[in-house]
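Source file: data_13.json (JSON, C-alpha atoms)
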```json
[["chain", "number", "residue", "atom", "x", "y", "z"],
["A", 1, "MET", "CA", 0.00, 0.00, 0.00],
["A", 2, "LYS", "CA", 1.50, 3.26, -1.08],
["A", 3, "SER", "CA", -0.25, 6.59, -1.14],
["A", 4, "LEU", "CA", -3.91, 7.34, -1.73],
["A", 5, "VAL", "CA", -3.12, 10.92, -2.72],
["A", 6, "PRO", "CA", -2.75, 10.40, -6.51],
["A", 7, "LEU", "CA", -6.01, 8.45, -6.59],
["A", 8, "LEU", "CA", -7.87, 11.19, -4.73],
["A", 9, "ILE", "CA", -6.43, 13.89, -6.99],
["A", 10, "VAL", "CA", -7.54, 11.99, -10.11],
["A", 11, "LEU", "CA", -11.04, 11.33, -8.80],
["A", 12, "VAL", "CA", -11.62, 14.91, -7.63],
["A", 13, "ALA", "CA", -10.22, 16.45, -10.82],
["A", 14, "ALA", "CA", -12.13, 14.05, -13.07],
["A", 15, "SER", "CA", -15.37, 14.66, -11.15],
["A", 16, "GLY", "CA", -14.98, 18.40, -11.50],
["A", 17, "PHE", "CA", -14.31, 18.07, -15.20],
["A", 18, "GLY", "CA", -17.17, 15.58, -15.62],
["A", 19, "ILE", "CA", -19.71, 17.88, -13.98],
["A", 20, "TRP", "CA", -18.58, 20.85, -16.07],
["A", 21, "PHE", "CA", -18.55, 18.70, -19.19],
["A", 22, "GLN", "CA", -22.04, 17.34, -18.67],
["A", 23, "ARG", "CA", -23.46, 20.81, -18.00],
["A", 24, "THR", "CA", -21.97, 22.39, -21.08],
["A", 25, "ARG", "CA", -22.77, 19.63, -23.60],
["A", 26, "GLY", "CA", -25.36, 20.61, -26.15],
["A", 27, "GLU", "CA", -25.27, 24.25, -25.09],
["A", 28, "PHE", "CA", -25.62, 26.74, -27.94],
["A", 29, "ARG", "CA", -22.62, 29.05, -27.95],
["A", 30, "ARG", "CA", -23.14, 32.20, -29.92],
["A", 31, "LYS", "CA", -20.17, 33.64, -31.73],
["A", 32, "LYS", "CA", -19.23, 37.12, -30.57],
["A", 33, "THR", "CA", -18.70, 38.36, -34.08],
["A", 34, "ILE", "CA", -20.55, 36.83, -36.99],
["A", 35, "ASN", "CA", -17.76, 37.18, -39.52],
["A", 36, "GLY", "CA", -16.88, 33.62, -40.49],
["A", 37, "PRO", "CA", -16.70, 32.23, -44.01],
["A", 38, "ARG", "CA", -19.86, 31.87, -46.06],
["A", 39, "MET", "CA", -20.68, 28.21, -46.41],
["A", 40, "THR", "CA", -21.99, 27.26, -49.83],
["A", 41, "GLN", "CA", -24.10, 24.45, -51.16],
["A", 42, "ASP", "CA", -20.96, 22.91, -52.67],
["A", 43, "GLN", "CA", -19.27, 22.70, -49.30],
["A", 44, "ILE", "CA", -22.10, 21.33, -47.21],
["A", 45, "GLY", "CA", -23.86, 19.30, -49.86],
["A", 46, "ILE", "CA", -27.37, 20.71, -49.57],
["A", 47, "ALA", "CA", -29.08, 24.01, -50.38],
["A", 48, "LEU", "CA", -29.04, 26.47, -47.48],
["A", 49, "GLY", "CA", -32.19, 26.71, -45.39],
["A", 50, "GLU", "CA", -34.45, 29.68, -45.91],
["A", 51, "ARG", "CA", -33.58, 31.04, -42.48],
["A", 52, "VAL", "CA", -31.30, 28.56, -40.67],
["A", 53, "THR", "CA", -29.07, 25.65, -41.65],
["A", 54, "MET", "CA", -27.93, 23.16, -39.05],
["A", 55, "VAL", "CA", -24.71, 21.39, -40.02],
["A", 56, "GLN", "CA", -23.80, 18.43, -37.86],
["A", 57, "PHE", "CA", -20.29, 16.95, -37.90],
["A", 58, "SER", "CA", -20.03, 13.34, -36.77],
["A", 59, "SER", "CA", -17.55, 10.51, -36.64],
["A", 60, "ALA", "CA", -17.84, 6.75, -36.49],
["A", 61, "PHE", "CA", -16.27, 6.62, -33.03],
["A", 62, "CYS", "CA", -18.93, 8.70, -31.39],
["A", 63, "SER", "CA", -22.10, 7.30, -29.81],
["A", 64, "PRO", "CA", -23.86, 10.63, -29.07],
["A", 65, "CYS", "CA", -23.55, 11.55, -32.75],
["A", 66, "ARG", "CA", -26.30, 9.12, -33.59],
["A", 67, "ALA", "CA", -28.66, 10.47, -30.92],
["A", 68, "THR", "CA", -28.00, 14.00, -32.17],
["A", 69, "ARG", "CA", -28.72, 13.00, -35.74],
["A", 70, "VAL", "CA", -31.99, 11.28, -34.82],
["A", 71, "LEU", "CA", -33.13, 14.33, -32.83],
["A", 72, "LEU", "CA", -32.22, 16.92, -35.47],
["A", 73, "GLU", "CA", -33.60, 14.89, -38.38],
["A", 74, "GLN", "CA", -36.86, 14.60, -36.53],
["A", 75, "MET", "CA", -37.02, 18.23, -35.42],
["A", 76, "VAL", "CA", -36.28, 19.67, -38.83],
["A", 77, "GLN", "CA", -39.43, 18.00, -40.20],
["A", 78, "SER", "CA", -41.59, 20.56, -38.44],
["A", 79, "MET", "CA", -39.37, 23.56, -39.20],
["A", 80, "PRO", "CA", -39.95, 24.54, -42.85],
["A", 81, "ASP", "CA", -37.41, 27.38, -42.90],
["A", 82, "VAL", "CA", -34.63, 25.26, -41.39],
["A", 83, "ALA", "CA", -32.38, 22.85, -43.28],
["A", 84, "TYR", "CA", -30.32, 20.09, -41.74],
["A", 85, "VAL", "CA", -27.29, 18.26, -43.07],
["A", 86, "HIS", "CA", -25.13, 15.58, -41.54],
["A", 87, "ILE", "CA", -21.44, 15.50, -42.48],
["A", 88, "ASP", "CA", -18.86, 12.80, -41.76],
["A", 89, "ALA", "CA", -16.02, 14.82, -40.27],
["A", 90, "GLU", "CA", -13.28, 12.40, -41.21],
["A", 91, "SER", "CA", -14.00, 12.56, -44.92],
["A", 92, "HIS", "CA", -14.24, 16.37, -44.83],
["A", 93, "LEU", "CA", -11.07, 17.28, -42.93],
["A", 94, "GLU", "CA", -10.51, 20.35, -45.07],
["A", 95, "LEU", "CA", -13.85, 21.79, -43.98],
["A", 96, "VAL", "CA", -13.26, 20.60, -40.41],
["A", 97, "ARG", "CA", -10.03, 22.62, -40.29],
["A", 98, "GLN", "CA", -11.53, 25.67, -41.89],
["A", 99, "LEU", "CA", -14.37, 25.68, -39.35],
["A", 100, "ASN", "CA", -12.15, 24.57, -36.47],
["A", 101, "ILE", "CA", -14.25, 21.57, -35.48],
["A", 102, "LEU", "CA", -12.52, 19.89, -32.53],
["A", 103, "SER", "CA", -14.91, 17.22, -31.32],
["A", 104, "THR", "CA", -17.99, 15.33, -32.44],
["A", 105, "PRO", "CA", -20.87, 15.84, -32.52],
["A", 106, "THR", "CA", -20.58, 19.56, -33.28],
["A", 107, "THR", "CA", -23.59, 21.26, -34.80],
["A", 108, "LEU", "CA", -23.16, 24.62, -36.51],
["A", 109, "PHE", "CA", -26.08, 27.00, -36.91],
["A", 110, "LEU", "CA", -25.75, 28.99, -40.11],
["A", 111, "ASN", "CA", -27.83, 32.04, -41.00],
["A", 112, "ARG", "CA", -29.52, 32.55, -44.37],
["A", 113, "ASP", "CA", -26.22, 33.70, -45.89],
["A", 114, "GLY", "CA", -24.47, 30.52, -44.78],
["A", 115, "VAL", "CA", -22.41, 32.25, -42.07],
["A", 116, "GLU", "CA", -22.01, 30.54, -38.70],
["A", 117, "VAL", "CA", -23.89, 32.26, -35.89],
["A", 118, "GLY", "CA", -22.97, 29.75, -33.21],
["A", 119, "ARG", "CA", -22.47, 26.10, -32.47],
["A", 120, "ALA", "CA", -23.34, 23.35, -30.02],
["A", 121, "MET", "CA", -20.89, 20.67, -28.99],
["A", 122, "GLY", "CA", -22.33, 17.38, -27.79],
["A", 123, "THR", "CA", -25.95, 16.27, -28.04],
["A", 124, "PRO", "CA", -28.28, 19.24, -27.55],
["A", 125, "LYS", "CA", -31.64, 18.89, -25.88],
["A", 126, "ARG", "CA", -34.79, 19.70, -27.80],
["A", 127, "ASN", "CA", -35.25, 23.09, -26.14],
["A", 128, "GLN", "CA", -31.58, 23.95, -26.73],
["A", 129, "VAL", "CA", -32.07, 23.34, -30.44],
["A", 130, "LEU", "CA", -35.22, 25.48, -30.46],
["A", 131, "ALA", "CA", -33.40, 28.29, -28.62],
["A", 132, "ALA", "CA", -30.45, 28.08, -31.01],
["A", 133, "VAL", "CA", -32.68, 28.18, -34.10],
["A", 134, "ALA", "CA", -34.60, 31.13, -32.64],
["A", 135, "ALA", "CA", -31.34, 32.98, -31.98],
["A", 136, "VAL", "CA", -30.33, 32.94, -35.64],
["A", 137, "HIS", "CA", -31.14, 35.91, -37.80],
["B", 1, "MET", "CA", -16.09, -1.24, -42.09],
["B", 2, "GLN", "CA", -17.74, -3.38, -39.45],
["B", 3, "ASN", "CA", -20.95, -2.14, -38.01],
["B", 4, "ILE", "CA", -21.76, -4.42, -35.09],
["B", 5, "GLU", "CA", -24.23, -3.34, -32.45],
["B", 6, "ILE", "CA", -23.72, -4.25, -28.80],
["B", 7, "ASP", "CA", -25.61, -3.64, -25.56],
["B", 8, "ALA", "CA", -24.68, -0.05, -24.67],
["B", 9, "ARG", "CA", -24.73, -0.77, -20.92],
["B", 10, "GLY", "CA", -21.92, -3.34, -21.23],
["B", 11, "PRO", "CA", -19.07, -0.90, -21.94],
["B", 12, "ARG", "CA", -20.25, 1.35, -19.12],
["B", 13, "PHE", "CA", -20.13, -1.53, -16.65],
["B", 14, "SER", "CA", -16.70, -2.51, -18.01],
["B", 15, "ALA", "CA", -15.56, 1.08, -17.50],
["B", 16, "ALA", "CA", -16.61, 0.87, -13.84],
["B", 17, "LEU", "CA", -14.62, -2.33, -13.34],
["B", 18, "THR", "CA", -11.68, -0.80, -15.21],
["B", 19, "THR", "CA", -11.84, 2.19, -12.86],
["B", 20, "VAL", "CA", -11.55, -0.11, -9.83],
["B", 21, "VAL", "CA", -8.68, -2.11, -11.33],
["B", 22, "LEU", "CA", -6.75, 1.01, -12.34],
["B", 23, "ALA", "CA", -7.38, 2.58, -8.92],
["B", 24, "VAL", "CA", -5.79, -0.52, -7.35],
["B", 25, "ALA", "CA", -2.88, -0.24, -9.80],
["B", 26, "LEU", "CA", -2.40, 3.43, -8.93],
["B", 27, "VAL", "CA", -2.52, 2.93, -5.16],
["B", 28, "THR", "CA", -0.36, -0.20, -5.01],
["B", 29, "GLY", "CA", 1.97, 0.83, -7.84],
["B", 30, "SER", "CA", 1.76, -2.76, -9.04],
["B", 31, "ILE", "CA", 3.05, -3.44, -12.53],
["B", 32, "TRP", "CA", 1.10, -6.71, -12.56],
["B", 33, "VAL", "CA", -2.27, -5.08, -12.02],
["B", 34, "ALA", "CA", -1.46, -2.60, -14.79],
["B", 35, "ALA", "CA", -0.30, -5.44, -17.04],
["B", 36, "PHE", "CA", -3.53, -7.33, -16.41],
["B", 37, "GLN", "CA", -5.55, -4.26, -17.38],
["B", 38, "ALA", "CA", -3.36, -3.83, -20.47],
["B", 39, "VAL", "CA", -4.30, -7.35, -21.58],
["B", 40, "VAL", "CA", -8.00, -6.58, -21.03],
["B", 41, "PHE", "CA", -7.64, -3.36, -23.04],
["B", 42, "ALA", "CA", -5.83, -5.29, -25.80],
["B", 43, "ILE", "CA", -8.70, -7.78, -26.09],
["B", 44, "GLY", "CA", -11.17, -4.89, -26.18],
["B", 45, "ALA", "CA", -9.16, -2.95, -28.74],
["B", 46, "PHE", "CA", -8.36, -5.79, -31.14],
["B", 47, "LYS", "CA", -11.19, -8.27, -30.73],
["B", 48, "GLY", "CA", -13.90, -6.01, -29.40],
["B", 49, "PRO", "CA", -15.13, -4.76, -26.01],
["B", 50, "GLN", "CA", -17.81, -7.48, -25.95],
["B", 51, "PHE", "CA", -15.09, -10.17, -25.64],
["B", 52, "THR", "CA", -13.24, -8.96, -22.54],
["B", 53, "PRO", "CA", -13.50, -10.76, -19.16],
["B", 54, "TYR", "CA", -15.41, -7.72, -17.87],
["B", 55, "ALA", "CA", -17.99, -8.10, -20.62],
["B", 56, "PHE", "CA", -18.30, -11.76, -19.66],
["B", 57, "ILE", "CA", -19.03, -10.77, -16.04],
["B", 58, "TYR", "CA", -21.55, -8.24, -17.31],
["B", 59, "ARG", "CA", -23.36, -10.79, -19.46],
["B", 60, "THR", "CA", -23.49, -13.56, -16.85],
["B", 61, "LEU", "CA", -24.00, -11.63, -13.59],
["B", 62, "ILE", "CA", -25.33, -8.15, -14.33],
["B", 63, "LYS", "CA", -27.38, -8.24, -17.50],
["B", 64, "PRO", "CA", -29.89, -10.91, -16.32],
["B", 65, "ARG", "CA", -30.70, -8.67, -13.34],
["B", 66, "LEU", "CA", -31.22, -5.45, -15.29],
["B", 67, "LYS", "CA", -34.73, -4.26, -15.96],
["B", 68, "SER", "CA", -33.98, -1.20, -18.08],
["B", 69, "PRO", "CA", -34.77, -1.67, -21.77],
["B", 70, "LEU", "CA", -31.99, -2.82, -24.05],
["B", 71, "ARG", "CA", -30.27, 0.03, -25.83],
["B", 72, "THR", "CA", -27.67, -0.88, -28.40],
["B", 73, "GLU", "CA", -24.79, 1.11, -29.77],
["B", 74, "ASP", "CA", -22.20, 0.82, -32.48],
["B", 75, "VAL", "CA", -19.24, -1.19, -31.22],
["B", 76, "ARG", "CA", -16.69, 1.22, -32.72],
["B", 77, "PRO", "CA", -16.79, 4.01, -30.10],
["B", 78, "PRO", "CA", -16.08, 1.72, -27.11],
["B", 79, "LYS", "CA", -13.54, -0.21, -29.16],
["B", 80, "PHE", "CA", -11.72, 3.01, -29.93],
["B", 81, "ALA", "CA", -11.76, 3.95, -26.23],
["B", 82, "GLN", "CA", -10.23, 0.57, -25.40],
["B", 83, "SER", "CA", -7.34, 1.26, -27.77],
["B", 84, "ILE", "CA", -6.65, 4.62, -26.09],
["B", 85, "GLY", "CA", -6.71, 2.78, -22.75],
["B", 86, "LEU", "CA", -4.29, 0.23, -24.15],
["B", 87, "ALA", "CA", -1.86, 2.94, -25.21],
["B", 88, "PHE", "CA", -1.82, 4.38, -21.67],
["B", 89, "ALA", "CA", -1.53, 0.92, -20.08],
["B", 90, "VAL", "CA", 1.40, -0.03, -22.31],
["B", 91, "VAL", "CA", 3.20, 3.21, -21.39],
["B", 92, "ALA", "CA", 2.49, 2.51, -17.72],
["B", 93, "VAL", "CA", 3.89, -1.02, -17.87],
["B", 94, "ALA", "CA", 6.93, 0.15, -19.82],
["B", 95, "GLY", "CA", 7.47, 2.90, -17.25],
["B", 96, "ALA", "CA", 7.30, 0.51, -14.32],
["B", 97, "ALA", "CA", 9.52, -2.04, -16.04],
["B", 98, "THR", "CA", 12.25, 0.54, -16.60],
["B", 99, "GLY", "CA", 11.97, 2.05, -13.15],
["B", 100, "ALA", "CA", 10.31, 5.28, -14.31],
["B", 101, "SER", "CA", 7.68, 5.41, -11.60],
["B", 102, "VAL", "CA", 6.52, 8.91, -12.55],
["B", 103, "VAL", "CA", 5.70, 7.65, -16.06],
["B", 104, "PHE", "CA", 3.78, 4.76, -14.50],
["B", 105, "THR", "CA", 1.80, 7.05, -12.19],
["B", 106, "VAL", "CA", 0.92, 9.60, -14.88],
["B", 107, "ALA", "CA", -0.10, 6.95, -17.43],
["B", 108, "VAL", "CA", -2.22, 4.96, -14.97],
["B", 109, "ALA", "CA", -3.78, 8.18, -13.67],
["B", 110, "SER", "CA", -4.70, 9.25, -17.23],
["B", 111, "ALA", "CA", -6.30, 5.91, -18.08],
["B", 112, "LEU", "CA", -8.09, 5.95, -14.72],
["B", 113, "ALA", "CA", -9.46, 9.44, -15.34],
["B", 114, "ALA", "CA", -10.83, 8.38, -18.73],
["B", 115, "ALA", "CA", -12.37, 5.16, -17.39],
["B", 116, "PHE", "CA", -13.92, 6.99, -14.44],
["B", 117, "LEU", "CA", -15.38, 9.71, -16.68],
["B", 118, "ASN", "CA", -16.82, 7.02, -18.94],
["B", 119, "ALA", "CA", -18.37, 5.11, -16.02],
["B", 120, "ALA", "CA", -19.67, 8.08, -14.03],
["B", 121, "PHE", "CA", -20.56, 10.61, -16.74],
["B", 122, "ASP", "CA", -20.95, 8.52, -19.90],
["B", 123, "PHE", "CA", -17.98, 10.43, -21.29],
["B", 124, "CYS", "CA", -17.22, 9.47, -24.88],
["B", 125, "LEU", "CA", -13.49, 9.43, -25.51],
["B", 126, "GLY", "CA", -13.80, 8.88, -29.26],
["B", 127, "CYS", "CA", -15.93, 12.04, -29.56],
["B", 128, "GLN", "CA", -13.23, 14.20, -28.04],
["B", 129, "VAL", "CA", -10.09, 12.54, -29.34],
["B", 130, "TYR", "CA", -10.73, 10.84, -32.65],
["B", 131, "LEU", "CA", -11.17, 13.93, -34.81],
["B", 132, "LEU", "CA", -8.07, 15.57, -33.31],
["B", 133, "LEU", "CA", -6.05, 12.44, -34.12],
["B", 134, "ALA", "CA", -7.47, 12.36, -37.66],
["B", 135, "ARG", "CA", -6.53, 16.02, -38.09],
["B", 136, "LEU", "CA", -3.01, 15.43, -36.81],
["B", 137, "ARG", "CA", -2.53, 12.37, -38.97],
["B", 138, "SER", "CA", -3.44, 14.14, -42.18],
["B", 139, "ASN", "CA", -1.18, 17.12, -41.49]]
```

Show the structure stored in the file as structure tokens.
Amino acid sequence: MKSLVPLLIVLVAASGFGIWFQRTRGEFRRKKTINGPRMTQDQIGIALGERVTMVQFSSAFCSPCRATRVLLEQMVQSMPDVAYVHIDAESHLELVRQLNILSTPTTLFLNRDGVEVGRAMGTPKRNQVLAAVAAVH
Amino acid sequence: MQNIEIDARGPRFSAALTTVVLAVALVTGSIWVAAFQAVVFAIGAFKGPQFTPYAFIYRTLIKPRLKSPLRTEDVRPPKFAQSIGLAFAVVAVAGAATGASVVFTVAVASALAAAFLNAAFDFCLGCQVYLLLARLRSN
């Protein structure tokens, strides 16, 4: 038996991180300045939504990506001015770099011009998606 | 590309057992406990997380007692997490074998943190790490 100190440090630090992590997942983070590149139909693969386009980046090694996709695909059905597209991050690394996508799932919310207004990392809840879509203009 | 679905609760239970085993490794400083966990990680990483001894315990002792509905998930995310665990465990064993106890402690602590986050918070390692690795690799 050696010391319990390293174990306690790891558990306390990981718990702190875990609580923060769980609270911030899915949260819509608005960009301070809306000055990013204009995404085009060629880049994302679908025509931009009339008002909002949700662009989800996923990878095969990510379980919450599927839940996010199911939620957004279902929600977009009842939002006629919103478009949704799902992109495999690994096969679009160029775009991933340009948009600085760091983890999956990341969902970007683009305005009618195709410029990113904000993003959500992790699986958002239904009301977080509604709030994010409402915040785009 | 394989696309096998497994019971999503299995990897979470395995992560809890992994947390306990790595905690023992960290406290005792035992290379053997770390080596045992490395072998478990290797099975999970190469064969699949549903083939580890922990998954066997889950299937025989835990699963029959669970009442929550079966939820399946793609096997690739937990398999990827096992390979990250394996990398840490190998570094830990190598550190202990060469007398670098700081390397051992840091590597075991890192694997422990990941396993604990997975067990307690359903933290998905592949979500956070895979894309960064893919970006690095293609640089």

Residue list for chain A near chain B as a count of residues only, 8 Å, all atoms listed in the file: 27

One-decimal distance in Å that lies between CA of Gly45 in chain A and CA of Thr33 in chain A: 25.3 Å

CA of Trp20 in chain A to CA of Ala119 in chain B, distance in Å rounded to a single decimal: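 CA of Ala119 in chain B lies at a distance of 15.7 Å from CA of Trp20 in chain A.
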
Residue contacts of Ala34 in chain B (7 Å, only C-alpha atoms) excluding same-chain residues fewer than 2 positions away, as number ranges by chain: B: 22, 25, 30-32, 36-38, 89, 93

Separation of CA of Asp42 in chain A from CA of Asn111 in chain A in Å: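 Going from CA of Asn111 in chain A over to CA of Asp42 in chain A covers 16.3 Å.
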
A:Val115, A:Pro37, A:Gln128, A:Thr123 ranked by distance to Arg51 in chain A, top pick (using all atoms listed in the file):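 Closest residue, counting all atoms listed in the file: A:Val115.
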
Neighbour list for range 106-110 of chain A as a PyMOL selection string, cut-off 7 Å, all atoms listed in the file, skip fewer than 6 positions in-chain: chain A and resi 52-57+116-122
